[in-house]
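Asks: Just structure04.txt, nothing more (compact mmCIF, C-alpha atoms):
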```txt
# COMPACT_ATOMS: atom_id res chain seq x y z
CA MET A 1 162.44 306.60 133.99
CA ASP A 2 162.93 310.28 134.81
CA CYS A 3 160.83 311.44 137.77
CA ASN A 4 161.81 315.13 137.45
CA ILE A 5 163.48 315.28 140.86
CA PRO A 6 165.57 318.46 141.12
CA PHE A 7 169.13 318.49 142.50
CA VAL A 8 169.57 314.71 142.25
CA SER A 9 173.20 314.87 143.37
CA ALA A 10 172.12 316.48 146.66
CA MET A 11 168.85 314.58 147.08
CA GLN A 12 170.62 311.21 146.85
CA TRP A 13 172.17 312.06 150.23
CA VAL A 14 169.43 314.16 151.82
CA VAL A 15 166.56 311.71 151.34
CA PRO A 16 168.29 308.64 152.85
CA GLY A 17 169.56 310.81 155.69
CA VAL A 18 166.05 312.04 156.49
CA GLU A 19 164.69 308.51 156.20
CA PHE A 20 167.34 307.17 158.58
CA ALA A 21 167.03 309.97 161.13
CA GLY A 22 163.23 310.01 160.90
CA GLY A 23 163.06 306.24 161.26
CA LEU A 24 165.22 306.35 164.37
CA GLY A 25 163.14 309.22 165.74
CA VAL A 26 159.88 307.33 165.27
CA ALA A 27 161.34 304.03 166.53
CA PHE A 28 162.79 305.48 169.73
CA GLY A 29 160.25 308.24 170.23
CA LEU A 30 162.65 311.16 169.96
CA LEU A 31 161.00 314.26 168.44
CA THR A 32 158.39 311.86 167.14
CA PRO A 33 155.92 314.27 165.48
CA LEU A 34 158.73 316.06 163.64
CA ALA A 35 160.32 312.78 162.53
CA ALA A 36 156.97 311.41 161.36
CA ARG A 37 156.23 314.59 159.40
CA GLY A 38 159.60 314.35 157.65
CA LEU A 39 158.96 310.75 156.68
CA ALA A 40 155.42 311.59 155.52
CA VAL A 41 156.74 314.35 153.27
CA ILE A 42 159.17 311.91 151.66
CA CYS A 43 156.34 309.38 151.17
CA LEU A 44 154.09 312.04 149.64
CA ILE A 45 156.78 313.12 147.19
CA ALA A 46 157.53 309.48 146.30
CA ALA A 47 153.84 308.76 145.74
CA TYR A 48 153.45 311.88 143.60
CA THR A 49 156.55 311.44 141.45
CA ASP A 50 157.19 307.74 141.00
CA GLY A 51 153.91 306.29 142.28
CA MET A 52 151.64 308.23 139.95
CA ARG A 53 153.93 307.33 137.04
CA ARG A 54 153.37 303.66 137.93
CA VAL A 55 149.61 304.22 138.16
CA ARG A 56 149.54 305.80 134.69
CA ALA A 57 151.55 302.84 133.33
CA LEU A 58 148.85 300.42 134.53
CA SER A 59 146.35 301.95 132.04
CA ALA A 60 143.27 301.90 134.24
CA ILE A 61 139.90 301.05 132.72
CA ASP A 62 138.06 303.95 134.38
CA LYS A 63 138.49 306.67 136.99
CA ALA A 64 137.55 304.38 139.90
CA ASP A 65 140.23 301.91 138.85
CA LYS A 66 142.77 304.73 138.69
CA ILE A 67 141.86 305.81 142.25
CA ASP A 68 142.07 302.18 143.38
CA ASP A 69 145.53 301.83 141.83
CA ALA A 70 146.68 305.05 143.53
CA LEU A 71 145.40 303.87 146.94
CA TYR A 72 147.17 300.54 146.43
CA LEU A 73 150.58 302.24 146.28
CA PRO A 74 152.81 301.15 149.17
CA GLU A 75 153.38 304.78 150.21
CA VAL A 76 149.71 305.36 151.06
CA PRO A 77 149.51 303.14 154.19
CA TYR A 78 152.81 304.62 155.37
CA ILE A 79 151.34 308.10 155.10
CA VAL A 80 148.25 307.02 157.05
CA LEU A 81 150.34 305.39 159.79
CA LEU A 82 152.64 308.42 160.03
CA ALA A 83 149.61 310.71 160.30
CA HIS A 84 148.47 308.54 163.21
CA VAL A 85 151.87 308.93 164.88
CA VAL A 86 151.76 312.71 164.40
CA ALA A 87 148.25 312.92 165.84
CA ASN A 88 148.91 310.69 168.87
CA ARG A 89 152.53 311.61 169.59
CA ALA A 90 154.97 309.20 171.22
CA GLY A 91 153.96 306.64 173.78
CA PRO A 92 154.79 306.48 177.49
CA PHE A 93 158.01 304.50 176.92
CA SER A 94 159.52 306.93 174.40
CA LEU A 95 162.48 309.24 174.82
CA ASP A 96 160.07 312.18 174.53
CA ALA A 97 158.34 311.00 177.74
CA MET A 98 161.55 310.58 179.75
CA PRO A 99 161.53 314.09 181.33
CA ARG A 100 158.12 313.35 182.86
CA TYR A 101 159.48 310.28 184.61
CA LEU A 102 162.71 311.96 185.74
CA THR A 103 160.96 314.88 187.42
CA ARG A 104 158.65 312.76 189.57
```
Could the structure of this file be written out as structure tokens, please?
Replies:
Amino acid sequence: MDCNIPFVSAMQWVVPGVEFAGGLGVAFGLLTPLAARGLAVICLIAAYTDGMRRVRALSAIDKADKIDDALYLPEVPYIVLLAHVVANRAGPFSLDAMPRYLTR
């Protein structure tokens, strides 16, 4: 069950911290593109390390089935949604938009 993650003793604190801070940033709209990028990086690494190990364990019947299994990983829709957040930035009711309303 080894995923070859380096510096596990440090990563066990860094990853949840980034997930918590990034989740708050996306939820409240504070530094939204940066927070979404941080969460997307964590999802990409999770999909690459643990997700692909799970796909290999399913013993796909052909290459199309292997691609289907990889796209069915729970990390993939998160990555797509976070890319949408990065592309469209925070909404009008976010903390990032507050300076615009205060200067009017």
Asks: Pick out the residues sitting within 9 Å of segment 44-53 of chain A, and hand them over as an mmCIF file with C-alpha atoms, keeping the file's coordinate frame; count only C-alpha atoms, and ignore anything fewer than 3 positions along from it in its own chain.
Replies:
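This is the output file part_24.cif:
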```
data_model
loop_
_atom_site.group_PDB
_atom_site.id
_atom_site.type_symbol
_atom_site.label_atom_id
_atom_site.label_comp_id
_atom_site.auth_asym_id
_atom_site.auth_seq_id
_atom_site.Cartn_x
_atom_site.Cartn_y
_atom_site.Cartn_z
ATOM 1 C CA MET A 1 162.440 306.600 133.990
ATOM 2 C CA ASP A 2 162.930 310.280 134.810
ATOM 3 C CA CYS A 3 160.830 311.440 137.770
ATOM 4 C CA ASN A 4 161.810 315.130 137.450
ATOM 5 C CA ILE A 5 163.480 315.280 140.860
ATOM 6 C CA LEU A 39 158.960 310.750 156.680
ATOM 7 C CA ALA A 40 155.420 311.590 155.520
ATOM 8 C CA VAL A 41 156.740 314.350 153.270
ATOM 9 C CA ARG A 56 149.540 305.800 134.690
ATOM 10 C CA ALA A 57 151.550 302.840 133.330
ATOM 11 C CA LEU A 58 148.850 300.420 134.530
ATOM 12 C CA ALA A 70 146.680 305.050 143.530
ATOM 13 C CA LEU A 73 150.580 302.240 146.280
ATOM 14 C CA PRO A 74 152.810 301.150 149.170
ATOM 15 C CA GLU A 75 153.380 304.780 150.210
ATOM 16 C CA VAL A 76 149.710 305.360 151.060
ATOM 17 C CA ILE A 79 151.340 308.100 155.100
#
```
Asks: Just the residues within 7 Å of Val85 of chain A, please, counting all atoms listed in the file, with nothing from its chain fewer than 4 positions along; format it as a list in words.
Replies: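 In the requested format, the answer is Pro33, Ala36, Leu81 and Arg89 of chain A.
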Asks: Would you mind listing what lies within 12 Å of segment 15-27 of chain A as a PyMOL selection string, with all atoms listed in the file counted and same-chain residues fewer than 3 positions away left out?
Replies: chain A and resi 5+7-12+30-43+45-46+78+81-86+89-91+93-96
Asks: Which residue, A:Pro92, A:Lys66, A:Val14, A:Tyr72, has the smallest gap to Phe28 of chain A when you use all atoms listed in the file?
Replies: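 Under the stated criterion, the closest residue is A:Pro92.
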Asks: Kindly add all heavy atoms to the incomplete segment 10-21 of chain A and provide the output as a PDB file, in the coordinates of the input.
Replies:
```
ATOM      1  N   ALA A  10     172.307 316.168 145.242  1.00  0.00           N
ATOM      2  CA  ALA A  10     172.120 316.480 146.660  1.00  0.00           C
ATOM      3  C   ALA A  10     171.039 315.597 147.282  1.00  0.00           C
ATOM      4  O   ALA A  10     171.177 315.129 148.416  1.00  0.00           O
ATOM      5  CB  ALA A  10     171.751 317.950 146.837  1.00  0.00           C
ATOM      6  N   MET A  11     169.967 315.359 146.540  1.00  0.00           N
ATOM      7  CA  MET A  11     168.850 314.580 147.080  1.00  0.00           C
ATOM      8  C   MET A  11     169.227 313.121 147.344  1.00  0.00           C
ATOM      9  O   MET A  11     168.639 312.484 148.214  1.00  0.00           O
ATOM     10  CB  MET A  11     167.649 314.614 146.130  1.00  0.00           C
ATOM     11  CG  MET A  11     166.962 315.946 146.061  1.00  0.00           C
ATOM     12  SD  MET A  11     166.304 316.417 147.652  1.00  0.00           S
ATOM     13  CE  MET A  11     166.927 318.050 147.803  1.00  0.00           C
ATOM     14  N   GLN A  12     170.228 312.597 146.616  1.00  0.00           N
ATOM     15  CA  GLN A  12     170.620 311.210 146.850  1.00  0.00           C
ATOM     16  C   GLN A  12     171.254 311.027 148.223  1.00  0.00           C
ATOM     17  O   GLN A  12     171.376 309.906 148.701  1.00  0.00           O
ATOM     18  CB  GLN A  12     171.558 310.719 145.759  1.00  0.00           C
ATOM     19  CG  GLN A  12     172.920 311.352 145.766  1.00  0.00           C
ATOM     20  CD  GLN A  12     173.777 310.878 144.607  1.00  0.00           C
ATOM     21  OE1 GLN A  12     173.365 310.007 143.829  1.00  0.00           O
ATOM     22  NE2 GLN A  12     174.959 311.424 144.484  1.00  0.00           N
ATOM     23  N   TRP A  13     171.649 312.117 148.867  1.00  0.00           N
ATOM     24  CA  TRP A  13     172.170 312.060 150.230  1.00  0.00           C
ATOM     25  C   TRP A  13     171.162 312.571 151.244  1.00  0.00           C
ATOM     26  O   TRP A  13     171.103 312.059 152.364  1.00  0.00           O
ATOM     27  CB  TRP A  13     173.464 312.875 150.329  1.00  0.00           C
ATOM     28  CG  TRP A  13     174.548 312.275 149.507  1.00  0.00           C
ATOM     29  CD1 TRP A  13     174.981 312.690 148.275  1.00  0.00           C
ATOM     30  CD2 TRP A  13     175.320 311.119 149.818  1.00  0.00           C
ATOM     31  NE1 TRP A  13     175.969 311.873 147.814  1.00  0.00           N
ATOM     32  CE2 TRP A  13     176.196 310.897 148.744  1.00  0.00           C
ATOM     33  CE3 TRP A  13     175.343 310.254 150.905  1.00  0.00           C
ATOM     34  CZ2 TRP A  13     177.096 309.840 148.738  1.00  0.00           C
ATOM     35  CZ3 TRP A  13     176.248 309.203 150.890  1.00  0.00           C
ATOM     36  CH2 TRP A  13     177.113 309.006 149.817  1.00  0.00           C
ATOM     37  N   VAL A  14     170.379 313.563 150.884  1.00  0.00           N
ATOM     38  CA  VAL A  14     169.430 314.160 151.820  1.00  0.00           C
ATOM     39  C   VAL A  14     168.286 313.190 152.148  1.00  0.00           C
ATOM     40  O   VAL A  14     167.940 312.988 153.308  1.00  0.00           O
ATOM     41  CB  VAL A  14     168.876 315.490 151.269  1.00  0.00           C
ATOM     42  CG1 VAL A  14     167.727 316.002 152.117  1.00  0.00           C
ATOM     43  CG2 VAL A  14     169.984 316.523 151.184  1.00  0.00           C
ATOM     44  N   VAL A  15     167.727 312.582 151.130  1.00  0.00           N
ATOM     45  CA  VAL A  15     166.560 311.710 151.340  1.00  0.00           C
ATOM     46  C   VAL A  15     166.897 310.498 152.212  1.00  0.00           C
ATOM     47  O   VAL A  15     166.194 310.237 153.191  1.00  0.00           O
ATOM     48  CB  VAL A  15     165.930 311.304 149.988  1.00  0.00           C
ATOM     49  CG1 VAL A  15     164.867 310.245 150.179  1.00  0.00           C
ATOM     50  CG2 VAL A  15     165.352 312.523 149.292  1.00  0.00           C
ATOM     51  N   PRO A  16     167.971 309.747 151.940  1.00  0.00           N
ATOM     52  CA  PRO A  16     168.290 308.640 152.850  1.00  0.00           C
ATOM     53  C   PRO A  16     168.628 309.111 154.262  1.00  0.00           C
ATOM     54  O   PRO A  16     168.320 308.424 155.236  1.00  0.00           O
ATOM     55  CB  PRO A  16     169.491 307.950 152.208  1.00  0.00           C
ATOM     56  CG  PRO A  16     169.475 308.370 150.799  1.00  0.00           C
ATOM     57  CD  PRO A  16     168.848 309.722 150.755  1.00  0.00           C
ATOM     58  N   GLY A  17     169.251 310.278 154.366  1.00  0.00           N
ATOM     59  CA  GLY A  17     169.560 310.810 155.690  1.00  0.00           C
ATOM     60  C   GLY A  17     168.304 311.122 156.485  1.00  0.00           C
ATOM     61  O   GLY A  17     168.206 310.810 157.682  1.00  0.00           O
ATOM     62  N   VAL A  18     167.324 311.739 155.827  1.00  0.00           N
ATOM     63  CA  VAL A  18     166.050 312.040 156.490  1.00  0.00           C
ATOM     64  C   VAL A  18     165.316 310.751 156.824  1.00  0.00           C
ATOM     65  O   VAL A  18     164.728 310.624 157.906  1.00  0.00           O
ATOM     66  CB  VAL A  18     165.193 312.981 155.622  1.00  0.00           C
ATOM     67  CG1 VAL A  18     163.788 313.115 156.174  1.00  0.00           C
ATOM     68  CG2 VAL A  18     165.851 314.339 155.487  1.00  0.00           C
ATOM     69  N   GLU A  19     165.346 309.784 155.917  1.00  0.00           N
ATOM     70  CA  GLU A  19     164.690 308.510 156.200  1.00  0.00           C
ATOM     71  C   GLU A  19     165.326 307.806 157.389  1.00  0.00           C
ATOM     72  O   GLU A  19     164.628 307.257 158.240  1.00  0.00           O
ATOM     73  CB  GLU A  19     164.753 307.596 154.970  1.00  0.00           C
ATOM     74  CG  GLU A  19     163.834 308.011 153.857  1.00  0.00           C
ATOM     75  CD  GLU A  19     163.955 307.116 152.644  1.00  0.00           C
ATOM     76  OE1 GLU A  19     164.894 306.286 152.573  1.00  0.00           O
ATOM     77  OE2 GLU A  19     163.114 307.239 151.746  1.00  0.00           O
ATOM     78  N   PHE A  20     166.652 307.825 157.468  1.00  0.00           N
ATOM     79  CA  PHE A  20     167.340 307.170 158.580  1.00  0.00           C
ATOM     80  C   PHE A  20     167.073 307.885 159.898  1.00  0.00           C
ATOM     81  O   PHE A  20     166.689 307.258 160.891  1.00  0.00           O
ATOM     82  CB  PHE A  20     168.847 307.110 158.291  1.00  0.00           C
ATOM     83  CG  PHE A  20     169.631 306.398 159.342  1.00  0.00           C
ATOM     84  CD1 PHE A  20     169.551 305.012 159.463  1.00  0.00           C
ATOM     85  CD2 PHE A  20     170.446 307.085 160.215  1.00  0.00           C
ATOM     86  CE1 PHE A  20     170.271 304.349 160.428  1.00  0.00           C
ATOM     87  CE2 PHE A  20     171.165 306.433 161.194  1.00  0.00           C
ATOM     88  CZ  PHE A  20     171.085 305.050 161.297  1.00  0.00           C
ATOM     89  N   ALA A  21     167.253 309.200 159.902  1.00  0.00           N
ATOM     90  CA  ALA A  21     167.030 309.970 161.130  1.00  0.00           C
ATOM     91  C   ALA A  21     165.566 309.927 161.551  1.00  0.00           C
ATOM     92  O   ALA A  21     165.249 309.778 162.735  1.00  0.00           O
ATOM     93  CB  ALA A  21     167.486 311.412 160.934  1.00  0.00           C
TER      94      ALA A  21
END
```
